[in-house]
Every structure is written in C-alpha cells, then in structure tokens.
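Source file protein00.cif; content: mmCIF, C-alpha atoms.
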```cif
data_protein
loop_
_atom_site.label_atom_id
_atom_site.label_comp_id
_atom_site.auth_asym_id
_atom_site.auth_seq_id
_atom_site.Cartn_x
_atom_site.Cartn_y
_atom_site.Cartn_z
CA MET A 1121 15.97 9.11 -29.84
CA SER A 1122 14.41 9.81 -26.49
CA ARG A 1123 14.29 13.30 -25.02
CA PHE A 1124 14.77 12.09 -21.43
CA LYS A 1125 17.06 9.57 -19.79
CA LYS A 1126 16.71 7.34 -16.78
CA GLY A 1127 16.68 9.34 -13.53
CA ASP A 1128 15.66 12.65 -15.17
CA THR A 1129 13.08 14.75 -13.36
CA VAL A 1130 10.04 15.29 -15.57
CA HIS A 1131 6.88 17.32 -15.23
CA VAL A 1132 3.60 15.96 -16.59
CA ARG A 1133 1.82 18.62 -18.66
CA THR A 1134 -1.03 20.37 -16.86
CA ASP A 1135 -3.36 19.96 -19.78
CA TYR A 1136 -6.89 18.69 -20.15
CA PRO A 1137 -7.44 18.08 -23.87
CA GLN A 1138 -10.76 16.91 -25.25
CA GLY A 1139 -10.98 13.36 -26.50
CA HIS A 1140 -8.84 10.31 -25.87
CA ALA A 1141 -6.00 11.21 -23.47
CA ARG A 1142 -3.76 8.50 -22.02
CA ALA A 1143 -2.12 10.32 -19.13
CA PRO A 1144 -3.93 9.50 -15.88
CA TYR A 1145 -5.62 12.69 -14.65
CA PHE A 1146 -4.02 12.43 -11.21
CA THR A 1147 -0.48 12.57 -12.68
CA ARG A 1148 -1.03 15.83 -14.58
CA GLY A 1149 0.87 18.78 -13.19
CA HIS A 1150 3.06 16.51 -11.05
CA GLN A 1151 6.77 15.82 -11.05
CA GLY A 1152 8.34 12.41 -11.20
CA HIS A 1153 11.50 10.60 -12.24
CA ILE A 1154 12.14 8.48 -15.31
CA GLU A 1155 12.26 4.90 -14.09
CA GLN A 1156 12.64 3.23 -17.50
CA ILE A 1157 12.53 4.14 -21.18
CA THR A 1158 10.52 1.80 -23.39
CA GLY A 1159 9.22 1.88 -26.92
CA PRO A 1160 9.04 3.57 -29.28
CA TYR A 1161 5.33 2.92 -29.63
CA PRO A 1162 2.75 4.62 -31.85
CA ASN A 1163 0.88 7.34 -29.97
CA ALA A 1164 -2.27 5.57 -28.74
CA GLU A 1165 -4.14 8.86 -28.59
CA GLU A 1166 -3.85 9.03 -32.39
CA LEU A 1167 -4.55 5.33 -32.95
CA ALA A 1168 -7.85 5.79 -31.11
CA TYR A 1169 -9.07 7.93 -34.01
CA GLY A 1170 -7.86 5.59 -36.74
CA ARG A 1171 -4.77 7.67 -37.48
CA ARG A 1172 -1.39 6.05 -37.85
CA GLY A 1173 0.12 7.50 -34.65
CA ALA A 1174 3.65 8.92 -34.57
CA GLN A 1175 6.22 6.66 -32.93
CA GLU A 1176 7.37 8.04 -29.60
CA PRO A 1177 9.17 6.83 -26.51
CA LEU A 1178 7.02 5.56 -23.68
CA TYR A 1179 8.41 6.21 -20.23
CA ARG A 1180 7.73 4.52 -16.94
CA VAL A 1181 7.61 7.53 -14.60
CA ARG A 1182 7.83 7.14 -10.83
CA PHE A 1183 6.04 9.54 -8.49
CA ARG A 1184 6.06 9.86 -4.71
CA GLN A 1185 2.58 9.06 -3.46
CA GLN A 1186 2.70 11.96 -0.98
CA ALA A 1187 3.31 14.31 -3.92
CA LEU A 1188 0.33 12.95 -5.90
CA TRP A 1189 -2.14 12.89 -3.01
CA PRO A 1190 -1.80 15.67 -0.41
CA SER A 1191 -3.71 13.63 2.19
CA TYR A 1192 -1.88 10.36 1.47
CA GLN A 1193 -2.11 8.14 4.56
CA GLY A 1194 0.37 5.38 3.66
CA SER A 1195 4.12 5.22 4.23
CA PRO A 1196 6.28 8.14 3.02
CA HIS A 1197 8.28 5.50 1.06
CA ASP A 1198 5.30 4.65 -1.17
CA THR A 1199 5.45 5.35 -4.89
CA LEU A 1200 3.45 4.98 -8.08
CA VAL A 1201 4.77 4.24 -11.57
CA ALA A 1202 2.69 5.30 -14.58
CA ASP A 1203 3.41 4.69 -18.26
CA LEU A 1204 3.47 8.04 -20.08
CA TYR A 1205 4.11 8.96 -23.71
CA GLU A 1206 6.83 11.53 -24.33
CA HIS A 1207 4.47 14.27 -25.53
CA TRP A 1208 2.97 14.42 -22.02
CA LEU A 1209 6.32 15.25 -20.41
CA ASN A 1210 8.40 18.42 -19.98
CA PRO A 1211 11.71 18.76 -18.15
CA GLY A 1212 11.10 19.09 -14.41
CA ASP A 1213 12.78 21.25 -11.79
CA ARG A 1214 16.01 19.87 -10.40
CA SER A 1215 15.20 18.54 -6.98
CA MET B 1358 -39.64 -44.25 -29.64
CA SER B 1359 -39.31 -42.08 -32.74
CA HIS B 1360 -38.16 -38.52 -32.50
CA GLU B 1361 -41.69 -37.38 -33.41
CA ASP B 1362 -43.25 -39.39 -30.58
CA SER B 1363 -40.80 -37.93 -28.15
CA HIS B 1364 -41.68 -34.46 -29.37
CA LYS B 1365 -45.40 -35.13 -28.86
CA ASP B 1366 -44.80 -36.37 -25.33
CA HIS B 1367 -42.80 -33.31 -24.61
CA ALA B 1368 -45.57 -31.07 -25.93
CA LYS B 1369 -48.11 -32.92 -23.79
CA GLU B 1370 -46.09 -32.24 -20.67
CA HIS B 1371 -46.31 -28.56 -21.40
CA GLN B 1372 -50.06 -28.33 -21.84
CA HIS B 1373 -50.24 -27.00 -18.31
CA SER B 1374 -53.42 -28.87 -17.52
CA HIS B 1375 -52.06 -29.55 -14.04
CA GLY B 1376 -53.34 -26.40 -12.40
CA HIS B 1377 -50.47 -23.97 -11.96
CA PRO B 1378 -48.69 -21.48 -14.22
CA HIS B 1379 -45.03 -21.89 -15.16
CA PRO B 1380 -43.11 -18.61 -14.99
CA GLN B 1381 -40.83 -18.04 -17.96
CA GLN B 1382 -37.16 -18.32 -17.18
CA PRO B 1383 -35.49 -14.88 -17.46
CA ASP B 1384 -33.36 -14.58 -20.58
CA SER B 1385 -30.61 -12.19 -21.64
CA GLU B 1386 -32.76 -11.15 -24.60
CA ASP B 1387 -35.70 -10.02 -22.44
CA GLU B 1388 -34.22 -6.53 -22.16
CA PRO B 1389 -33.89 -4.33 -25.25
CA TYR B 1390 -30.42 -4.31 -26.78
CA SER B 1391 -28.18 -1.65 -25.23
CA HIS B 1392 -26.44 0.90 -27.42
CA GLU B 1393 -23.13 -0.95 -26.85
CA GLN B 1394 -24.61 -4.32 -27.86
CA VAL B 1395 -26.10 -2.83 -31.03
CA MET B 1396 -22.80 -1.17 -31.94
CA ALA B 1397 -20.78 -4.35 -31.24
CA THR B 1398 -23.12 -6.45 -33.37
CA ALA B 1399 -23.06 -3.84 -36.16
CA LEU B 1400 -19.25 -3.78 -36.10
CA GLU B 1401 -18.99 -7.56 -36.21
CA GLU B 1402 -21.45 -7.73 -39.14
CA LEU B 1403 -19.63 -4.99 -41.00
CA LEU B 1404 -16.25 -6.72 -40.57
CA SER B 1405 -17.82 -9.95 -41.76
CA ASP B 1406 -19.59 -8.33 -44.77
CA LYS B 1407 -16.35 -6.68 -45.86
CA GLY B 1408 -14.58 -10.02 -45.67
CA LEU B 1409 -12.15 -8.85 -42.97
CA ILE B 1410 -13.17 -11.63 -40.60
CA ALA B 1411 -14.65 -15.01 -41.46
CA ALA B 1412 -17.58 -16.71 -39.76
CA GLY B 1413 -16.28 -18.25 -36.56
CA ASP B 1414 -13.24 -15.96 -36.22
CA MET B 1415 -14.86 -14.11 -33.34
CA SER B 1416 -15.78 -17.24 -31.40
CA SER B 1417 -12.39 -18.86 -31.99
CA ALA B 1418 -10.67 -15.69 -30.74
CA LEU B 1419 -12.89 -15.75 -27.65
CA ASP B 1420 -12.09 -19.45 -27.18
CA TYR B 1421 -8.36 -18.68 -27.43
CA TRP B 1422 -8.51 -16.00 -24.74
CA ALA B 1423 -10.81 -18.11 -22.56
CA SER B 1424 -8.21 -20.91 -22.69
CA LYS B 1425 -5.68 -18.72 -20.85
CA THR B 1426 -5.43 -19.23 -17.08
CA PRO B 1427 -3.18 -18.08 -14.22
CA ALA B 1428 -1.51 -21.52 -14.35
CA ASP B 1429 0.96 -20.23 -16.96
CA GLY B 1430 1.94 -17.27 -14.79
CA ALA B 1431 2.30 -19.58 -11.79
CA ARG B 1432 4.58 -21.91 -13.77
CA LEU B 1433 6.74 -18.95 -14.78
CA VAL B 1434 7.01 -17.73 -11.17
CA ALA B 1435 7.88 -21.21 -9.86
CA ARG B 1436 10.67 -21.46 -12.44
CA CYS B 1437 11.96 -18.01 -11.38
CA TRP B 1438 12.07 -19.25 -7.77
CA THR B 1439 14.04 -22.36 -8.63
CA ASP B 1440 16.29 -21.09 -11.43
CA PRO B 1441 18.04 -17.73 -10.83
CA ALA B 1442 19.35 -17.59 -14.40
CA PHE B 1443 15.80 -17.98 -15.69
CA ALA B 1444 14.63 -15.27 -13.26
CA GLN B 1445 17.24 -12.97 -14.76
CA ARG B 1446 15.99 -13.69 -18.29
CA VAL B 1447 12.42 -12.97 -17.08
CA GLY B 1448 13.71 -9.62 -15.81
CA GLU B 1449 15.05 -8.85 -19.29
CA ASN B 1450 12.25 -10.18 -21.50
CA VAL B 1451 9.19 -11.98 -20.12
CA ASN B 1452 7.79 -12.90 -23.55
CA ALA B 1453 11.01 -14.65 -24.59
CA ALA B 1454 11.40 -16.38 -21.22
CA ALA B 1455 7.78 -17.63 -21.38
CA ALA B 1456 8.48 -19.08 -24.83
CA GLU B 1457 11.24 -21.19 -23.23
CA LEU B 1458 8.46 -22.83 -21.20
CA ASP B 1459 6.41 -23.37 -24.39
CA MET B 1460 3.93 -20.66 -23.44
CA ASP B 1461 2.35 -18.43 -26.05
CA ILE B 1462 1.61 -15.22 -24.17
CA GLY B 1463 1.10 -13.02 -27.24
CA THR B 1464 3.22 -10.19 -28.58
CA THR B 1465 2.28 -7.38 -26.16
CA PRO B 1466 5.45 -6.81 -24.11
CA VAL B 1467 5.13 -7.97 -20.51
CA VAL B 1468 7.35 -6.52 -17.78
CA ALA B 1469 8.09 -8.52 -14.63
CA ILE B 1470 8.36 -6.58 -11.39
CA THR B 1471 9.83 -8.47 -8.50
CA ASN B 1472 8.80 -8.14 -4.88
CA THR B 1473 11.57 -7.92 -2.29
CA PRO B 1474 11.53 -7.42 1.49
CA ASP B 1475 11.85 -3.67 0.78
CA LEU B 1476 9.41 -3.37 -2.14
CA HIS B 1477 5.87 -4.63 -2.66
CA ASN B 1478 4.35 -4.11 -6.12
CA VAL B 1479 0.69 -4.00 -7.09
CA LEU B 1480 -0.93 -3.62 -10.53
CA VAL B 1481 -3.80 -1.56 -11.87
CA CYS B 1482 -4.93 0.06 -15.09
CA THR B 1483 -6.73 3.28 -14.15
CA LEU B 1484 -7.62 4.26 -17.71
CA CYS B 1485 -9.21 0.98 -18.78
CA SER B 1486 -8.45 -2.60 -17.77
CA CYS B 1487 -5.02 -3.55 -19.25
CA TYR B 1488 -4.07 -6.97 -17.91
CA PRO B 1489 -1.57 -9.70 -18.90
CA ILE B 1490 -4.29 -12.07 -20.19
CA GLY B 1491 -1.68 -14.21 -21.97
CA LEU B 1492 -0.10 -15.11 -18.61
CA LEU B 1493 -2.98 -14.77 -16.15
CA GLY B 1494 -6.14 -15.38 -18.21
CA GLU B 1495 -9.15 -13.09 -18.08
CA SER B 1496 -8.96 -10.47 -15.35
CA PRO B 1497 -11.20 -10.75 -12.30
CA GLY B 1498 -14.26 -8.51 -12.22
CA TRP B 1499 -12.94 -6.41 -9.35
CA TYR B 1500 -9.79 -5.53 -11.32
CA LYS B 1501 -12.02 -3.73 -13.84
CA SER B 1502 -14.20 -2.05 -11.20
CA ARG B 1503 -14.12 1.70 -10.74
CA ALA B 1504 -13.68 1.19 -6.99
CA TYR B 1505 -10.46 -0.83 -7.35
CA ARG B 1506 -9.04 1.34 -10.12
CA SER B 1507 -9.62 4.60 -8.29
CA ARG B 1508 -8.78 3.46 -4.77
CA VAL B 1509 -5.66 1.33 -5.27
CA VAL B 1510 -3.75 4.33 -6.64
CA SER B 1511 -4.70 6.71 -3.83
CA GLU B 1512 -4.95 4.37 -0.81
CA PRO B 1513 -3.14 1.16 -1.80
CA ARG B 1514 -2.49 -0.01 1.75
CA VAL B 1515 -6.17 0.26 2.66
CA VAL B 1516 -7.15 -1.73 -0.43
CA LEU B 1517 -4.44 -4.34 0.24
CA ALA B 1518 -5.69 -4.71 3.83
CA GLU B 1519 -9.18 -5.43 2.47
CA PHE B 1520 -7.57 -8.30 0.53
CA GLY B 1521 -6.06 -9.46 3.83
CA THR B 1522 -2.59 -8.25 2.80
CA GLN B 1523 -0.65 -6.26 5.39
CA ILE B 1524 2.57 -4.60 4.27
CA SER B 1525 5.00 -3.13 6.82
CA ASP B 1526 5.48 0.65 6.72
CA GLU B 1527 9.20 -0.03 6.23
CA THR B 1528 8.39 -1.68 2.90
CA GLU B 1529 7.71 0.59 -0.06
CA VAL B 1530 4.35 -0.08 -1.71
CA ARG B 1531 4.65 0.70 -5.42
CA VAL B 1532 1.53 0.87 -7.59
CA HIS B 1533 2.04 0.28 -11.32
CA ASP B 1534 -0.52 1.99 -13.53
CA SER B 1535 -0.40 0.05 -16.77
CA THR B 1536 -1.97 2.56 -19.11
CA ALA B 1537 -0.30 2.04 -22.46
CA ASP B 1538 1.65 -0.59 -24.41
CA LEU B 1539 3.11 -2.66 -21.57
CA ARG B 1540 1.55 -5.33 -19.37
CA TYR B 1541 2.93 -6.36 -15.99
CA ILE B 1542 3.26 -9.41 -13.82
CA VAL B 1543 4.34 -9.30 -10.17
CA ILE B 1544 6.89 -11.95 -9.18
CA PRO B 1545 5.94 -12.58 -5.54
CA MET B 1546 8.48 -13.50 -2.87
CA ARG B 1547 8.96 -17.21 -2.30
CA PRO B 1548 7.46 -18.00 1.12
CA GLU B 1549 9.67 -19.36 3.87
CA GLY B 1550 9.46 -23.06 4.53
CA THR B 1551 9.05 -24.02 0.87
CA GLU B 1552 12.66 -25.16 0.33
CA GLU B 1553 11.59 -28.81 0.00
CA LEU B 1554 8.82 -28.20 -2.55
CA SER B 1555 9.23 -29.23 -6.17
CA GLU B 1556 8.75 -26.70 -8.97
CA GLY B 1557 5.29 -28.17 -9.65
CA GLU B 1558 4.30 -27.88 -6.00
CA LEU B 1559 5.59 -24.31 -5.90
CA ALA B 1560 3.43 -23.42 -8.93
CA GLU B 1561 0.38 -24.54 -6.94
CA ILE B 1562 0.92 -21.93 -4.22
CA VAL B 1563 1.23 -19.07 -6.73
CA THR B 1564 -2.25 -17.61 -6.99
CA ARG B 1565 -3.57 -15.11 -9.50
CA ASP B 1566 -3.79 -12.42 -6.82
CA CYS B 1567 -0.13 -12.74 -5.84
CA MET B 1568 0.78 -12.05 -9.47
CA ILE B 1569 -1.44 -8.92 -9.40
CA GLY B 1570 0.11 -7.96 -6.07
CA THR B 1571 -3.05 -7.91 -3.97
CA ALA B 1572 -1.88 -11.04 -2.11
CA LEU B 1573 1.35 -12.60 -0.91
CA ALA B 1574 2.37 -16.15 -1.77
CA LYS B 1575 1.75 -18.42 1.21
CA GLY B 1576 3.32 -21.78 2.02
CA LEU B 1577 1.26 -24.98 1.95
CA GLU B 1578 1.00 -25.22 5.73
CA GLU B 1579 -0.62 -21.80 6.19
#
```
Can the structure from this file be put into structure tokens for me?
Amino acid sequence: MSRFKKGDTVHVRTDYPQGHARAPYFTRGHQGHIEQITGPYPNAEELAYGRRGAQEPLYRVRFRQQALWPSYQGSPHDTLVADLYEHWLNPGDRS
Amino acid sequence: MSHEDSHKDHAKEHQHSHGHPHPQQPDSEDEPYSHEQVMATALEELLSDKGLIAAGDMSSALDYWASKTPADGARLVARCWTDPAFAQRVGENVNAAAAELDMDIGTTPVVAITNTPDLHNVLVCTLCSCYPIGLLGESPGWYKSRAYRSRVVSEPRVVLAEFGTQISDETEVRVHDSTADLRYIVIPMRPEGTEELSEGELAEIVTRDCMIGTALAKGLEE
C-alpha cells in the first residue's frame, strides 16, 4: 500500500545520511508532485550493503525547475522528474 | 615453409641490425593495476573459485550486452509511429511490447515517455549511469560524464543547444532522472514529410540521441 497517491504534494527529506543514498542531492528539501506510483521495489540503499532491502513504493516525482534551481534560466514551464523511494518523502504543503 | 622456419625468419627480422631502435608499442598493462582493476579481478576470481560463475560466463555476459544496439529501440519507435494500438501498448508496458517484436530487452522495467509539441523529454541518471541498454545498447561516453549528468538537470536547454537541439520556450522541457529501478526511452515525434516512408525506412531516421532526448528525429531530406 502506498502512502501517497498521484497528484499529492510531497516534500523530499532534508537529510544527508552517510553512505549510499539514492535521492539526488538537488531534490532534497524541495517540494514536488507525485507523477506516477511504481514498484514496490526493494530499497536499493539496503541492497547496496548486501541486506535484503524492504519492499517500498517508488514514486516518479515531478518538480518545477525554477523551484529546484533559484537561478534557472530556461522556460518557467520546465520540469524535472526524479525516481524517489517512499522513505525519502513526507507530505508537502498544500499549494 | 615449416612453422619453425617461419618463426626463425620472424626472429631474424627483429634482430634490429638495420640501424634504428623500435619503440615498444604502448600497452594497457604498462601502468600498474588501479585499485578498481585489482578489486574487479579479485571479485571475479572469488566468484569463480566459489563456483558461482563458470569460466567464460563473464565474457559471454559482456558479449550479450555488446550485441545490443540502438536498432532495437529504433524499430520499436518506428512501429509506434505506424501503429497507434502498438504505441498504446508501449505506453502501458514497454518490455511486453518489445517482446511482440521478438526483442529481448531484459527484465528491468522500461518506461516510454512520448514527446509532443508541448513536451520535450530528455534522460539522465545523475547518481550513476542507468540506461536502457536492452533497447539502446551501451550508453555513449558523454551520457556517463559528470559534465552531462550535472548540467542537463540544471541547464537542460543550454545542453540541448550544444547538441544542436533548439526547443521553443512554449514547449516544456522535462528532464527524467532515472535513479532507481526504472529505465526510460524517449519516443520522439515523427518528423513532417515522412508519411510515405515504410516502417523500415522510418527506423533508419530514429537515432540513439533522439531516444535519449538530446536530438529530434529528422526526415531523410534534412
């Protein structure tokens, strides 16, 4: 069962753990929308250490480029979609 | 001439009595093994010693991956352009749709993202180098470079322009960072003026870069 549904606003954890982390640094602390729910897949951060890896949903999360990069020079329409495991996401602010 | 005679002749040629030195050709083994090479060799030997892989497994796996080329991806795109029902099945499940064309693209799920006049898609893996090898073959060197991976997410239009690809500001540029269990393929837009082309001819205009999203498909006349 996935915690979020398509269209939900989510907030990527502002967290910088040691070791193998699979949330792109530039997405951390930012808000996006759930574009698609995929999985479940075993948590790759656990697999990297030879552990079994708990199954969790993997979300395709869409961000506005201007939100990710304050000095973004492209079109205001531009977006970025990153694949993020559920444990990296918290509910976002309604906006 | 016996093999031995031939060998002697060969040796004679290399006596270097003709007045100039022959520099040795540089070889990959001239440099000491890097840490990564030592670790890779140790891992392969360990897997072999424990009986987990047999002699030749590694080279046959490398041969399998080396046999993959962008031709399969191009064939899939050409079929999408000519068969809307197939394009819909590609949208639902690329791996199953590829199997209809007798392609073995592996079990890693591939997601197709389709370009439209309002949306241009481009692929990257910022955390490593995830790539749909089963459909597109080995990734180009630049796809794995730090420059591409860091710049295409923060200034995609600048990077696309360096590839000669101009996208109107009215069109959304969407970067897909493939960082986990999914791989992607971009279904480019069918160029104008290709209505008369056969499916095979269409496949020829679908380049690797248009399936990564750094290029647009161009008609034959361009």
Tell me which protein, DNA and RNA residues are within 8 Å of range 1420-1425 of chain B, counting all atoms listed in the file, leaving out same-chain ones fewer than 2 positions away, and put them as a PDB file with C-alpha atoms, keeping the file's coordinate frame.
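This went into selection30.pdb:
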```pdb
ATOM      1  CA  SER B1416     -15.780 -17.240 -31.400  1.00  0.00           C
ATOM      2  CA  SER B1417     -12.390 -18.860 -31.990  1.00  0.00           C
ATOM      3  CA  ALA B1418     -10.670 -15.690 -30.740  1.00  0.00           C
ATOM      4  CA  PRO B1427      -3.180 -18.080 -14.220  1.00  0.00           C
ATOM      5  CA  ASP B1429       0.960 -20.230 -16.960  1.00  0.00           C
ATOM      6  CA  ILE B1490      -4.290 -12.070 -20.190  1.00  0.00           C
ATOM      7  CA  GLY B1491      -1.680 -14.210 -21.970  1.00  0.00           C
ATOM      8  CA  LEU B1492      -0.100 -15.110 -18.610  1.00  0.00           C
ATOM      9  CA  LEU B1493      -2.980 -14.770 -16.150  1.00  0.00           C
ATOM     10  CA  GLY B1494      -6.140 -15.380 -18.210  1.00  0.00           C
ATOM     11  CA  GLU B1495      -9.150 -13.090 -18.080  1.00  0.00           C
TER      12      GLU B1495
END
```
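The residue that comes closest to chain B, out of A:Asn1210, A:Gly1170, A:His1150, A:His1140 and on the basis of all atoms listed in the file, is A:His1140.
Applied to this file, the PyMOL selection byres ((chain B) within 7 of (chain A)) selects the residues Leu1484, Ser1511, Arg1514, Asp1526, Glu1529, Val1530, Arg1531, Val1532, His1533, Asp1534, Ser1535, Thr1536 and Ala1537 of chain B.
Among the candidates B:Glu1527, B:Ala1453, B:Pro1497, B:Thr1483, the one nearest to Val1510 in chain B when counting only C-alpha atoms is B:Thr1483.
Taking CA of Ala1168 in chain A as the reference point, CA of Ala1469 in chain B is found at 27.0 Å.
For the atom pair formed by CA of Thr1134 in chain A and CA of Arg1148 in chain A, the distance is 5.1 Å, given to one decimal.
Straight-line separation from CA of Pro1177 in chain A to CA of Glu1155 in chain A: 12.9 Å.
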message: Applying the PyMOL selection byres ((chain B and resi 1433) around 9) to the file I just gave you, which residues come out? Please list them as a ChimeraX atom specification.
response: /B:1428-1432,1434-1438,1444,1447,1454-1455,1458,1492,1544,1560
query: Which protein, DNA or RNA residues are at most 12 Å from (15.8, 12.1, -19.4) in the file's coordinates when you count all atoms listed in the file, listed as JSON, numbers by chain?
result: {"A": [1121, 1122, 1123, 1124, 1125, 1126, 1127, 1128, 1129, 1130, 1131, 1152, 1153, 1154, 1155, 1156, 1157, 1177, 1178, 1179, 1180, 1181, 1206, 1209, 1210, 1211, 1212, 1214]}
Please write the residues from the selection above to a file, keeping C-alpha atoms, as a short mmCIF file (atom, residue, chain, number, x, y, z; two decimals), in the coordinates of the input.
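Saved to out_9.cif:
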```
data_model
loop_
_atom_site.label_atom_id
_atom_site.label_comp_id
_atom_site.auth_asym_id
_atom_site.auth_seq_id
_atom_site.Cartn_x
_atom_site.Cartn_y
_atom_site.Cartn_z
CA MET A 1121 15.97 9.11 -29.84
CA SER A 1122 14.41 9.81 -26.49
CA ARG A 1123 14.29 13.30 -25.02
CA PHE A 1124 14.77 12.09 -21.43
CA LYS A 1125 17.06 9.57 -19.79
CA LYS A 1126 16.71 7.34 -16.78
CA GLY A 1127 16.68 9.34 -13.53
CA ASP A 1128 15.66 12.65 -15.17
CA THR A 1129 13.08 14.75 -13.36
CA VAL A 1130 10.04 15.29 -15.57
CA HIS A 1131 6.88 17.32 -15.23
CA GLY A 1152 8.34 12.41 -11.20
CA HIS A 1153 11.50 10.60 -12.24
CA ILE A 1154 12.14 8.48 -15.31
CA GLU A 1155 12.26 4.90 -14.09
CA GLN A 1156 12.64 3.23 -17.50
CA ILE A 1157 12.53 4.14 -21.18
CA PRO A 1177 9.17 6.83 -26.51
CA LEU A 1178 7.02 5.56 -23.68
CA TYR A 1179 8.41 6.21 -20.23
CA ARG A 1180 7.73 4.52 -16.94
CA VAL A 1181 7.61 7.53 -14.60
CA GLU A 1206 6.83 11.53 -24.33
CA LEU A 1209 6.32 15.25 -20.41
CA ASN A 1210 8.40 18.42 -19.98
CA PRO A 1211 11.71 18.76 -18.15
CA GLY A 1212 11.10 19.09 -14.41
CA ARG A 1214 16.01 19.87 -10.40
#
```
